[in-house]
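Trainee: Right, I'll just put the structure down here and ask away after.
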Amino acid sequence: MNVANGSSSANSVQPRRMVAVPGVPFARIAAALDGLGWVRVAGGSGAPPLVPGEPEWAQWERTDSEATLHYTFQPVVGMRSLEFRGPLTGTRLAEAEAAIPNIGLVELVTLMRSEDMRTRILGILAAAELEAVPLYDEVRKLAGDSDERVAKAAGLALRRLMDSALRDTAAATAVAFRGDSDTRPK
């Protein structure tokens, strides 16, 4: 479930993101994307992945449009993120969400409330990646976590969530001013 703020239009050209449920292997993600018409682009760092069979990044393209998909894997916490760019990002994201188990708001809260430090960090990083502004207060609580690694991750995530909230507010304000002459400053 995509929790990122931003345009909900299926024709959006803004990058859109999803994070796979922990434990979904790269091979399953790649197979799902292949089945949706994505073609993997050759390339890589040349170095073998830290986890065999789990590359840290990969890229796909659509042959029917200029859409691209960027995959990243953070092996320390097991986060697999997919970023969609180009035409029809909302549609492409929805297709992938239907084919690949992914994290939504409820799962993010569960991850962030875990007793396990790495799981809490995964939840924080995923909340930032998805720009899950509704979870700002949940992330803020973790900025005071007794584990300094969790607290630091939360502090960085809070900046990204705030940036996202401000960007969304500015965009909404601009639309309101363009759309209603009675609300424009005189």
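Labels used: A, B, ... for chains in the order of the structure tokens, numbers from 1 for residues in each chain, and numbers from 1 for ligands as shown.
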DSSP on the backbone: which residues in range 9-144 of chain A end up as helix (DSSP H, G or I)? Give the answer as an MDAnalysis selection string.

Mentor: chainID A and resid 26:35 89:99 105:112 117:129 133:142

Trainee: Tell me, as number ranges by chain, which residues lie within 12 Å of Pro49 in chain A, counting only C-alpha atoms; anything in the same chain fewer than 4 positions away does not count.

Mentor: A: 26, 44-45, 53-58, 72-75

Trainee: Residues of the last selection are to be written out with N, CA and C atoms, as a short mmCIF file (atom, residue, chain, number, x, y, z; two decimals), in the first residue's frame.

Mentor:
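File produced: part.cif:
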```cif
data_model
loop_
_atom_site.label_atom_id
_atom_site.label_comp_id
_atom_site.auth_asym_id
_atom_site.auth_seq_id
_atom_site.Cartn_x
_atom_site.Cartn_y
_atom_site.Cartn_z
N PHE A 26 14.68 -10.96 -3.65
CA PHE A 26 14.86 -10.26 -4.92
C PHE A 26 14.29 -11.07 -6.08
N GLY A 44 25.56 -2.87 -13.07
CA GLY A 44 25.78 -3.13 -11.65
C GLY A 44 27.12 -2.57 -11.25
N SER A 45 27.43 -2.72 -9.99
CA SER A 45 28.66 -2.15 -9.48
C SER A 45 29.88 -2.98 -9.84
N GLY A 53 22.70 -13.43 -4.24
CA GLY A 53 21.40 -13.42 -4.90
C GLY A 53 20.54 -12.22 -4.58
N GLU A 54 21.08 -11.28 -3.80
CA GLU A 54 20.32 -10.09 -3.38
C GLU A 54 21.11 -8.82 -3.72
N PRO A 55 21.03 -8.37 -4.98
CA PRO A 55 21.79 -7.16 -5.35
C PRO A 55 21.32 -5.94 -4.54
N GLU A 56 22.26 -5.03 -4.30
CA GLU A 56 21.92 -3.81 -3.55
C GLU A 56 21.13 -2.83 -4.41
N TRP A 57 21.26 -2.93 -5.73
CA TRP A 57 20.45 -2.08 -6.60
C TRP A 57 20.26 -2.74 -7.96
N ALA A 58 19.18 -2.34 -8.60
CA ALA A 58 18.87 -2.83 -9.94
C ALA A 58 17.93 -1.81 -10.59
N THR A 72 16.40 -0.66 -4.67
CA THR A 72 17.55 -0.65 -3.77
C THR A 72 17.28 -1.62 -2.62
N PHE A 73 18.34 -2.23 -2.14
CA PHE A 73 18.27 -3.17 -1.03
C PHE A 73 19.29 -2.75 0.01
N GLN A 74 18.85 -2.57 1.23
CA GLN A 74 19.73 -2.25 2.35
C GLN A 74 19.86 -3.51 3.20
N PRO A 75 20.94 -4.29 2.98
CA PRO A 75 21.04 -5.59 3.63
C PRO A 75 21.11 -5.56 5.15
#
```

Trainee: Would you kindly return, as a JSON list (two decimals) with N, CA, C and O atoms, in the first residue's frame, each protein, DNA or RNA residue with an atom no farther than 10 Å from any atom of Val106 in chain A, considering only C-alpha atoms and excluding same-chain residues fewer than 3 positions away?

Mentor:
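What ended up in selection_19.json:
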```json
[["chain", "number", "residue", "atom", "x", "y", "z"],
["A", 1, "MET", "N", 0.84, -1.17, 0.00],
["A", 1, "MET", "CA", 0.00, 0.00, 0.00],
["A", 1, "MET", "C", 0.89, 1.23, 0.00],
["A", 1, "MET", "O", 1.75, 1.38, 0.85],
["A", 103, "ILE", "N", 4.70, -2.87, 2.34],
["A", 103, "ILE", "CA", 4.46, -2.30, 3.66],
["A", 103, "ILE", "C", 3.51, -1.10, 3.57],
["A", 103, "ILE", "O", 3.71, -0.21, 2.76],
["A", 109, "VAL", "N", 4.01, 0.90, 11.68],
["A", 109, "VAL", "CA", 3.88, 1.08, 13.13],
["A", 109, "VAL", "C", 4.36, -0.18, 13.86],
["A", 109, "VAL", "O", 5.10, -0.10, 14.84],
["A", 110, "THR", "N", 3.97, -1.34, 13.35],
["A", 110, "THR", "CA", 4.39, -2.60, 13.98],
["A", 110, "THR", "C", 5.91, -2.72, 13.96],
["A", 110, "THR", "O", 6.52, -3.10, 14.97],
["A", 111, "LEU", "N", 6.53, -2.39, 12.84],
["A", 111, "LEU", "CA", 7.99, -2.45, 12.75],
["A", 111, "LEU", "C", 8.64, -1.49, 13.74],
["A", 111, "LEU", "O", 9.60, -1.84, 14.45],
["A", 135, "LEU", "N", 2.79, 9.33, 10.12],
["A", 135, "LEU", "CA", 3.50, 8.65, 11.21],
["A", 135, "LEU", "C", 4.59, 9.53, 11.83],
["A", 135, "LEU", "O", 5.46, 9.04, 12.56]]
```

Trainee: To one decimal place in Å, what is the distance between CA of Val76 in chain A and CA of Leu122 in chain A?

Mentor: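 That distance, rounded to one decimal, is 9.0 Å.
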
Trainee: Taking only C-alpha atoms into account, which of A:Glu131, A:Pro22, A:Leu125, A:Ala94 comes nearest Arg167 in chain A?

Mentor: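 When distances to Arg167 in chain A are compared using only C-alpha atoms, the smallest one comes from A:Glu131.
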
Trainee: Could you list, with a cut-off of 12 Å and counting only C-alpha atoms, the residues of range 43-141 of chain A near range 146-149 of chain A, each shown with its nearest atom pair and the distance in Å rounded to one decimal, rows sorted by chain and ascending number, as JSON lines?

Mentor:
```
{"residue": "A:Glu115", "atom": "CA", "partner": "A:Asp147", "partner_atom": "CA", "distance": 11.1}
{"residue": "A:Asp116", "atom": "CA", "partner": "A:Asp147", "partner_atom": "CA", "distance": 10.6}
{"residue": "A:Met117", "atom": "CA", "partner": "A:Asp147", "partner_atom": "CA", "distance": 7.6}
{"residue": "A:Arg118", "atom": "CA", "partner": "A:Arg149", "partner_atom": "CA", "distance": 9.2}
{"residue": "A:Thr119", "atom": "CA", "partner": "A:Arg149", "partner_atom": "CA", "distance": 11.8}
{"residue": "A:Arg120", "atom": "CA", "partner": "A:Arg149", "partner_atom": "CA", "distance": 9.9}
{"residue": "A:Ile121", "atom": "CA", "partner": "A:Arg149", "partner_atom": "CA", "distance": 7.9}
{"residue": "A:Leu122", "atom": "CA", "partner": "A:Arg149", "partner_atom": "CA", "distance": 11.5}
{"residue": "A:Ile124", "atom": "CA", "partner": "A:Arg149", "partner_atom": "CA", "distance": 11.1}
{"residue": "A:Leu125", "atom": "CA", "partner": "A:Arg149", "partner_atom": "CA", "distance": 11.9}
{"residue": "A:Lys141", "atom": "CA", "partner": "A:Ser146", "partner_atom": "CA", "distance": 10.8}
```

Trainee: Write the residues you've just listed into a file as an mmCIF file, in the first residue's frame, and include N, CA, C and O atoms for each of them.

Mentor:
```
data_model
loop_
_atom_site.group_PDB
_atom_site.id
_atom_site.type_symbol
_atom_site.label_atom_id
_atom_site.label_comp_id
_atom_site.auth_asym_id
_atom_site.auth_seq_id
_atom_site.Cartn_x
_atom_site.Cartn_y
_atom_site.Cartn_z
ATOM 1 N N GLU A 115 10.726 -4.789 19.520
ATOM 2 C CA GLU A 115 11.785 -4.811 20.525
ATOM 3 C C GLU A 115 13.163 -4.878 19.857
ATOM 4 O O GLU A 115 14.164 -4.481 20.456
ATOM 5 N N ASP A 116 13.212 -5.367 18.638
ATOM 6 C CA ASP A 116 14.467 -5.556 17.918
ATOM 7 C C ASP A 116 14.938 -4.235 17.297
ATOM 8 O O ASP A 116 14.191 -3.589 16.562
ATOM 9 N N MET A 117 16.158 -3.850 17.583
ATOM 10 C CA MET A 117 16.712 -2.582 17.105
ATOM 11 C C MET A 117 16.690 -2.486 15.583
ATOM 12 O O MET A 117 16.285 -1.476 15.018
ATOM 13 N N ARG A 118 17.134 -3.524 14.892
ATOM 14 C CA ARG A 118 17.176 -3.473 13.425
ATOM 15 C C ARG A 118 15.778 -3.366 12.826
ATOM 16 O O ARG A 118 15.581 -2.696 11.812
ATOM 17 N N THR A 119 14.828 -4.009 13.439
ATOM 18 C CA THR A 119 13.455 -3.933 12.957
ATOM 19 C C THR A 119 12.901 -2.519 13.150
ATOM 20 O O THR A 119 12.214 -1.992 12.270
ATOM 21 N N ARG A 120 13.205 -1.897 14.288
ATOM 22 C CA ARG A 120 12.780 -0.501 14.503
ATOM 23 C C ARG A 120 13.407 0.411 13.457
ATOM 24 O O ARG A 120 12.729 1.274 12.889
ATOM 25 N N ILE A 121 14.691 0.206 13.174
ATOM 26 C CA ILE A 121 15.354 1.035 12.161
ATOM 27 C C ILE A 121 14.739 0.784 10.785
ATOM 28 O O ILE A 121 14.526 1.725 10.021
ATOM 29 N N LEU A 122 14.432 -0.465 10.463
ATOM 30 C CA LEU A 122 13.752 -0.763 9.200
ATOM 31 C C LEU A 122 12.453 0.025 9.108
ATOM 32 O O LEU A 122 12.161 0.652 8.085
ATOM 33 N N ILE A 124 11.632 2.805 10.609
ATOM 34 C CA ILE A 124 11.945 4.235 10.481
ATOM 35 C C ILE A 124 12.380 4.558 9.047
ATOM 36 O O ILE A 124 11.900 5.514 8.428
ATOM 37 N N LEU A 125 13.315 3.758 8.526
ATOM 38 C CA LEU A 125 13.800 3.998 7.160
ATOM 39 C C LEU A 125 12.680 3.857 6.137
ATOM 40 O O LEU A 125 12.591 4.632 5.177
ATOM 41 N N LYS A 141 8.805 9.920 18.460
ATOM 42 C CA LYS A 141 9.015 9.196 19.721
ATOM 43 C C LYS A 141 10.341 8.426 19.682
ATOM 44 O O LYS A 141 11.046 8.341 20.685
#
```

Trainee: Separation of CA of Leu166 in chain A and CA of Leu69 in chain A, in Å?

Mentor: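 Straight-line distance from CA of Leu166 in chain A to CA of Leu69 in chain A works out to 25.6 Å.
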
Trainee: Skip range 28-34 of chain A itself and residues of its chain fewer than 4 positions away, then list as number ranges by chain all residues within 8 Å of it, counting only C-alpha atoms.

Mentor: A: 24, 38-40, 96, 99-100

Trainee: Give me, please, the distance in Å between CA of Leu158 in chain A and CA of Tyr71 in chain A, quoted to one decimal.

Mentor: 22.9 Å

Trainee: Go through chain A and collect every residue that DSSP, computed from the backbone, puts in strand (DSSP E or B); the answer should be as JSON, numbers by chain.

Mentor: {"A": [16, 17, 18, 19, 20, 38, 39, 40, 41, 51, 54, 57, 58, 59, 60, 61, 62, 68, 69, 70, 71, 72, 73, 74, 79, 80, 81, 82, 83, 84, 85, 102]}
